[in-house]
2 protein chains.
Amino acid sequence: MEQRISLVTLGVADLPRAVAFYEGVLGWKAESSPPGVVFFDLSGVVFALWPHDELAKDMGLTADRVPAYRGYSLAHNVRSEAEVDAIFARLKNHGATILKKPQKAFWGGYSGYFSDPDGHTWEIAHNPFWTIKEDGRVSMKKDR
Amino acid sequence: MEQRISLVTLGVADLPRAVAFYEGVLGWKAESSPPGVVFFDLSGVVFALWPHDELAKDMGLTADRVPAYRGYSLAHNVRSEAEVDAIFARLKNHGATILKKPQKAFWGGYSGYFSDPDGHTWEIAHNPFWTIKEDGRVSMKKDR
């Protein structure tokens, strides 16, 4: 099994509401997608929004109640602390749920957490020890 | 906010057990990582394993019980149905939890689901309408 992730799929309660959040609040642009699912092309990783019942059924599971903490996080790294603050300012203006305001992190960076309308958690972080390449992909090495 | 994901972090109950699964069963190779967390470099996306309590605390949440269905899925796409079967044969040999055996999917592909020791769900899929590039990254267009 090669060392990669092809898709990250989030189960959502209301697909148009979720799309409105990712497009309207985060400013992303969805691809033309088949009915009932919405795909975003993230430079070689596909991010998908799919109703909870469909995703759970596809997994062979049932969509039970999901608590606030689901044991995972998505993260979006940026090039400066100011960029972290700018994203949280935008999120606040749009009434998004802020879990943790941007702050100095114990690991030497600067980050905050928010959740989308379905409670999926995202971290926005500046990590001074890693590099963000031209195309936005992250490298775990410091580019000097 | 640029359209990308930098990290996918999974909360885990037992870090060595989780690492043994990703390295021993999936055959991945971890990077040299700081104490208490384990990173894998997935061609520009970082995959992280981090104890539940630490991740929950970092998010500003508490690590409640997590049910089987957590409203998300990771996926790993491969180049043929035979590759899907080969991965599931390996998973079965290692006693991994198979949620859904590989089968024809309603969307025209072939896929199955398994969960890791902490219940994080993965889909292994062959999608004949998408392309997997040389470096393993996925493209939502068919390469003809």
# chains A, B, ... in the order shown; residues from 1 in each chain; ligands from 1

call {"tool": "interface_residues", "arguments": {"of": "chain A", "to": "chain B", "cutoff": "6 Å", "atoms": "only C-alpha atoms", "output": "VMD selection string"}}
result
chain A and resid 1 3 to 11 26 28 42 44 60 63 66 69 to 77 100 137 to 139

call {"tool": "select_by_dssp", "arguments": {"residues": "chain B", "states": "strand (DSSP E or B)", "output": "PyMOL selection string"}}
result
chain B and resi 7-12+38-42+45-51+72-78+97-104+110-115+121-126+131-132+138-139

call {"tool": "atom_distance", "arguments": {"atom1": "atom CA of A:Trp130", "atom2": "atom CA of B:Asp14"}}
result
26.3 Å

call {"tool": "select_by_dssp", "arguments": {"residues": "chain A", "states": "alpha helix (DSSP H)", "output": "PyMOL selection string"}}
result
chain A and resi 15-20+52-59+81-93

call {"tool": "closest_residue", "arguments": {"among": "A:Gly95, A:Leu15, A:Tyr110, A:Glu23", "to": "A:Pro128", "atoms": "only C-alpha atoms"}}
result
A:Tyr110

call {"tool": "atom_distance", "arguments": {"atom1": "atom CA of B:Gly109", "atom2": "atom CA of B:Asn93"}}
result
24.2 Å

call {"tool": "decode", "arguments": {"residues": "stretch 57-104 of chain A", "atoms": "N, CA and C atoms", "output": "PDB file, in the first residue's frame"}}
result
ATOM      1  N   LYS A  57     -23.793   4.474   5.208  1.00  0.00           N
ATOM      2  CA  LYS A  57     -24.275   3.296   4.486  1.00  0.00           C
ATOM      3  C   LYS A  57     -23.146   2.716   3.633  1.00  0.00           C
ATOM      4  N   ASP A  58     -22.413   3.598   2.983  1.00  0.00           N
ATOM      5  CA  ASP A  58     -21.325   3.143   2.116  1.00  0.00           C
ATOM      6  C   ASP A  58     -20.235   2.439   2.918  1.00  0.00           C
ATOM      7  N   MET A  59     -20.050   2.873   4.163  1.00  0.00           N
ATOM      8  CA  MET A  59     -19.055   2.251   5.042  1.00  0.00           C
ATOM      9  C   MET A  59     -19.558   0.950   5.655  1.00  0.00           C
ATOM     10  N   GLY A  60     -20.852   0.695   5.538  1.00  0.00           N
ATOM     11  CA  GLY A  60     -21.426  -0.473   6.189  1.00  0.00           C
ATOM     12  C   GLY A  60     -21.713  -0.216   7.661  1.00  0.00           C
ATOM     13  N   LEU A  61     -21.939   1.047   8.008  1.00  0.00           N
ATOM     14  CA  LEU A  61     -22.185   1.433   9.401  1.00  0.00           C
ATOM     15  C   LEU A  61     -23.515   2.171   9.501  1.00  0.00           C
ATOM     16  N   THR A  62     -23.892   2.552  10.707  1.00  0.00           N
ATOM     17  CA  THR A  62     -25.064   3.400  10.884  1.00  0.00           C
ATOM     18  C   THR A  62     -24.612   4.751  11.433  1.00  0.00           C
ATOM     19  N   ALA A  63     -25.307   5.793  11.027  1.00  0.00           N
ATOM     20  CA  ALA A  63     -24.912   7.146  11.420  1.00  0.00           C
ATOM     21  C   ALA A  63     -25.463   7.487  12.800  1.00  0.00           C
ATOM     22  N   ASP A  64     -24.763   7.012  13.836  1.00  0.00           N
ATOM     23  CA  ASP A  64     -25.153   7.344  15.211  1.00  0.00           C
ATOM     24  C   ASP A  64     -24.851   8.809  15.497  1.00  0.00           C
ATOM     25  N   ARG A  65     -25.257   9.211  16.616  1.00  0.00           N
ATOM     26  CA  ARG A  65     -24.902  10.529  17.135  1.00  0.00           C
ATOM     27  C   ARG A  65     -23.377  10.665  17.144  1.00  0.00           C
ATOM     28  N   VAL A  66     -22.878  11.780  16.690  1.00  0.00           N
ATOM     29  CA  VAL A  66     -21.440  12.000  16.765  1.00  0.00           C
ATOM     30  C   VAL A  66     -21.139  13.087  17.787  1.00  0.00           C
ATOM     31  N   PRO A  67     -20.252  12.812  18.743  1.00  0.00           N
ATOM     32  CA  PRO A  67     -19.948  13.801  19.776  1.00  0.00           C
ATOM     33  C   PRO A  67     -19.009  14.877  19.231  1.00  0.00           C
ATOM     34  N   ALA A  68     -18.763  15.887  20.037  1.00  0.00           N
ATOM     35  CA  ALA A  68     -17.905  16.997  19.613  1.00  0.00           C
ATOM     36  C   ALA A  68     -16.515  16.488  19.226  1.00  0.00           C
ATOM     37  N   TYR A  69     -15.989  15.610  20.049  1.00  0.00           N
ATOM     38  CA  TYR A  69     -14.655  15.101  19.768  1.00  0.00           C
ATOM     39  C   TYR A  69     -14.762  13.781  19.016  1.00  0.00           C
ATOM     40  N   ARG A  70     -14.244  13.758  17.797  1.00  0.00           N
ATOM     41  CA  ARG A  70     -14.363  12.552  16.969  1.00  0.00           C
ATOM     42  C   ARG A  70     -13.018  11.884  16.726  1.00  0.00           C
ATOM     43  N   GLY A  71     -12.004  12.389  17.393  1.00  0.00           N
ATOM     44  CA  GLY A  71     -10.715  11.711  17.296  1.00  0.00           C
ATOM     45  C   GLY A  71      -9.942  11.995  16.032  1.00  0.00           C
ATOM     46  N   TYR A  72     -10.210  13.092  15.370  1.00  0.00           N
ATOM     47  CA  TYR A  72      -9.406  13.426  14.202  1.00  0.00           C
ATOM     48  C   TYR A  72      -9.447  14.941  13.997  1.00  0.00           C
ATOM     49  N   SER A  73      -8.562  15.416  13.148  1.00  0.00           N
ATOM     50  CA  SER A  73      -8.521  16.834  12.816  1.00  0.00           C
ATOM     51  C   SER A  73      -7.956  17.017  11.414  1.00  0.00           C
ATOM     52  N   LEU A  74      -8.459  17.973  10.710  1.00  0.00           N
ATOM     53  CA  LEU A  74      -7.835  18.387   9.457  1.00  0.00           C
ATOM     54  C   LEU A  74      -7.020  19.626   9.791  1.00  0.00           C
ATOM     55  N   ALA A  75      -6.002  19.907   9.017  1.00  0.00           N
ATOM     56  CA  ALA A  75      -5.220  21.114   9.290  1.00  0.00           C
ATOM     57  C   ALA A  75      -4.862  21.815   7.995  1.00  0.00           C
ATOM     58  N   HIS A  76      -4.744  23.109   8.094  1.00  0.00           N
ATOM     59  CA  HIS A  76      -4.367  23.959   6.969  1.00  0.00           C
ATOM     60  C   HIS A  76      -3.241  24.857   7.476  1.00  0.00           C
ATOM     61  N   ASN A  77      -2.048  24.649   6.958  1.00  0.00           N
ATOM     62  CA  ASN A  77      -0.900  25.442   7.406  1.00  0.00           C
ATOM     63  C   ASN A  77      -0.694  26.660   6.520  1.00  0.00           C
ATOM     64  N   VAL A  78      -0.325  27.757   7.135  1.00  0.00           N
ATOM     65  CA  VAL A  78      -0.086  29.004   6.403  1.00  0.00           C
ATOM     66  C   VAL A  78       1.325  29.516   6.685  1.00  0.00           C
ATOM     67  N   ARG A  79       1.698  30.600   6.002  1.00  0.00           N
ATOM     68  CA  ARG A  79       3.098  31.035   5.987  1.00  0.00           C
ATOM     69  C   ARG A  79       3.485  32.017   7.101  1.00  0.00           C
ATOM     70  N   SER A  80       2.501  32.501   7.874  1.00  0.00           N
ATOM     71  CA  SER A  80       2.811  33.460   8.939  1.00  0.00           C
ATOM     72  C   SER A  80       1.711  33.455  10.000  1.00  0.00           C
ATOM     73  N   GLU A  81       2.030  34.013  11.162  1.00  0.00           N
ATOM     74  CA  GLU A  81       1.026  34.161  12.221  1.00  0.00           C
ATOM     75  C   GLU A  81      -0.078  35.117  11.764  1.00  0.00           C
ATOM     76  N   ALA A  82       0.307  36.137  11.012  1.00  0.00           N
ATOM     77  CA  ALA A  82      -0.685  37.115  10.529  1.00  0.00           C
ATOM     78  C   ALA A  82      -1.730  36.442   9.643  1.00  0.00           C
ATOM     79  N   GLU A  83      -1.275  35.442   8.874  1.00  0.00           N
ATOM     80  CA  GLU A  83      -2.230  34.715   8.028  1.00  0.00           C
ATOM     81  C   GLU A  83      -3.212  33.902   8.863  1.00  0.00           C
ATOM     82  N   VAL A  84      -2.721  33.337   9.968  1.00  0.00           N
ATOM     83  CA  VAL A  84      -3.620  32.608  10.878  1.00  0.00           C
ATOM     84  C   VAL A  84      -4.679  33.579  11.406  1.00  0.00           C
ATOM     85  N   ASP A  85      -4.224  34.741  11.875  1.00  0.00           N
ATOM     86  CA  ASP A  85      -5.148  35.735  12.428  1.00  0.00           C
ATOM     87  C   ASP A  85      -6.162  36.206  11.384  1.00  0.00           C
ATOM     88  N   ALA A  86      -5.695  36.393  10.148  1.00  0.00           N
ATOM     89  CA  ALA A  86      -6.593  36.879   9.086  1.00  0.00           C
ATOM     90  C   ALA A  86      -7.696  35.866   8.805  1.00  0.00           C
ATOM     91  N   ILE A  87      -7.337  34.578   8.817  1.00  0.00           N
ATOM     92  CA  ILE A  87      -8.354  33.546   8.564  1.00  0.00           C
ATOM     93  C   ILE A  87      -9.363  33.508   9.712  1.00  0.00           C
ATOM     94  N   PHE A  88      -8.891  33.627  10.950  1.00  0.00           N
ATOM     95  CA  PHE A  88      -9.829  33.626  12.079  1.00  0.00           C
ATOM     96  C   PHE A  88     -10.708  34.885  12.110  1.00  0.00           C
ATOM     97  N   ALA A  89     -10.175  35.998  11.645  1.00  0.00           N
ATOM     98  CA  ALA A  89     -10.991  37.212  11.565  1.00  0.00           C
ATOM     99  C   ALA A  89     -12.146  36.986  10.590  1.00  0.00           C
ATOM    100  N   ARG A  90     -11.808  36.353   9.458  1.00  0.00           N
ATOM    101  CA  ARG A  90     -12.838  36.059   8.464  1.00  0.00           C
ATOM    102  C   ARG A  90     -13.867  35.070   9.019  1.00  0.00           C
ATOM    103  N   LEU A  91     -13.386  34.043   9.702  1.00  0.00           N
ATOM    104  CA  LEU A  91     -14.287  33.039  10.282  1.00  0.00           C
ATOM    105  C   LEU A  91     -15.230  33.690  11.303  1.00  0.00           C
ATOM    106  N   LYS A  92     -14.660  34.567  12.124  1.00  0.00           N
ATOM    107  CA  LYS A  92     -15.471  35.241  13.141  1.00  0.00           C
ATOM    108  C   LYS A  92     -16.546  36.112  12.480  1.00  0.00           C
ATOM    109  N   ASN A  93     -16.141  36.845  11.451  1.00  0.00           N
ATOM    110  CA  ASN A  93     -17.094  37.686  10.721  1.00  0.00           C
ATOM    111  C   ASN A  93     -18.256  36.882  10.148  1.00  0.00           C
ATOM    112  N   HIS A  94     -17.965  35.632   9.781  1.00  0.00           N
ATOM    113  CA  HIS A  94     -19.003  34.782   9.207  1.00  0.00           C
ATOM    114  C   HIS A  94     -19.741  33.970  10.267  1.00  0.00           C
ATOM    115  N   GLY A  95     -19.437  34.206  11.534  1.00  0.00           N
ATOM    116  CA  GLY A  95     -20.147  33.494  12.600  1.00  0.00           C
ATOM    117  C   GLY A  95     -19.764  32.034  12.737  1.00  0.00           C
ATOM    118  N   ALA A  96     -18.577  31.666  12.250  1.00  0.00           N
ATOM    119  CA  ALA A  96     -18.144  30.267  12.367  1.00  0.00           C
ATOM    120  C   ALA A  96     -17.848  29.919  13.825  1.00  0.00           C
ATOM    121  N   THR A  97     -17.882  28.642  14.153  1.00  0.00           N
ATOM    122  CA  THR A  97     -17.632  28.173  15.518  1.00  0.00           C
ATOM    123  C   THR A  97     -16.132  28.082  15.777  1.00  0.00           C
ATOM    124  N   ILE A  98     -15.639  28.954  16.650  1.00  0.00           N
ATOM    125  CA  ILE A  98     -14.221  28.950  17.010  1.00  0.00           C
ATOM    126  C   ILE A  98     -14.043  28.066  18.245  1.00  0.00           C
ATOM    127  N   LEU A  99     -13.255  27.014  18.127  1.00  0.00           N
ATOM    128  CA  LEU A  99     -13.020  26.129  19.271  1.00  0.00           C
ATOM    129  C   LEU A  99     -11.880  26.667  20.131  1.00  0.00           C
ATOM    130  N   LYS A 100     -10.866  27.204  19.483  1.00  0.00           N
ATOM    131  CA  LYS A 100      -9.688  27.698  20.190  1.00  0.00           C
ATOM    132  C   LYS A 100      -9.125  28.866  19.394  1.00  0.00           C
ATOM    133  N   LYS A 101      -9.098  30.032  20.011  1.00  0.00           N
ATOM    134  CA  LYS A 101      -8.566  31.217  19.324  1.00  0.00           C
ATOM    135  C   LYS A 101      -7.086  31.042  19.003  1.00  0.00           C
ATOM    136  N   PRO A 102      -6.598  31.672  17.941  1.00  0.00           N
ATOM    137  CA  PRO A 102      -5.182  31.548  17.589  1.00  0.00           C
ATOM    138  C   PRO A 102      -4.297  31.946  18.768  1.00  0.00           C
ATOM    139  N   GLN A 103      -3.308  31.142  19.031  1.00  0.00           N
ATOM    140  CA  GLN A 103      -2.401  31.406  20.148  1.00  0.00           C
ATOM    141  C   GLN A 103      -1.079  30.682  19.916  1.00  0.00           C
ATOM    142  N   LYS A 104      -0.077  31.075  20.687  1.00  0.00           N
ATOM    143  CA  LYS A 104       1.213  30.401  20.641  1.00  0.00           C
ATOM    144  C   LYS A 104       0.980  28.946  21.033  1.00  0.00           C
TER     145      LYS A 104
END
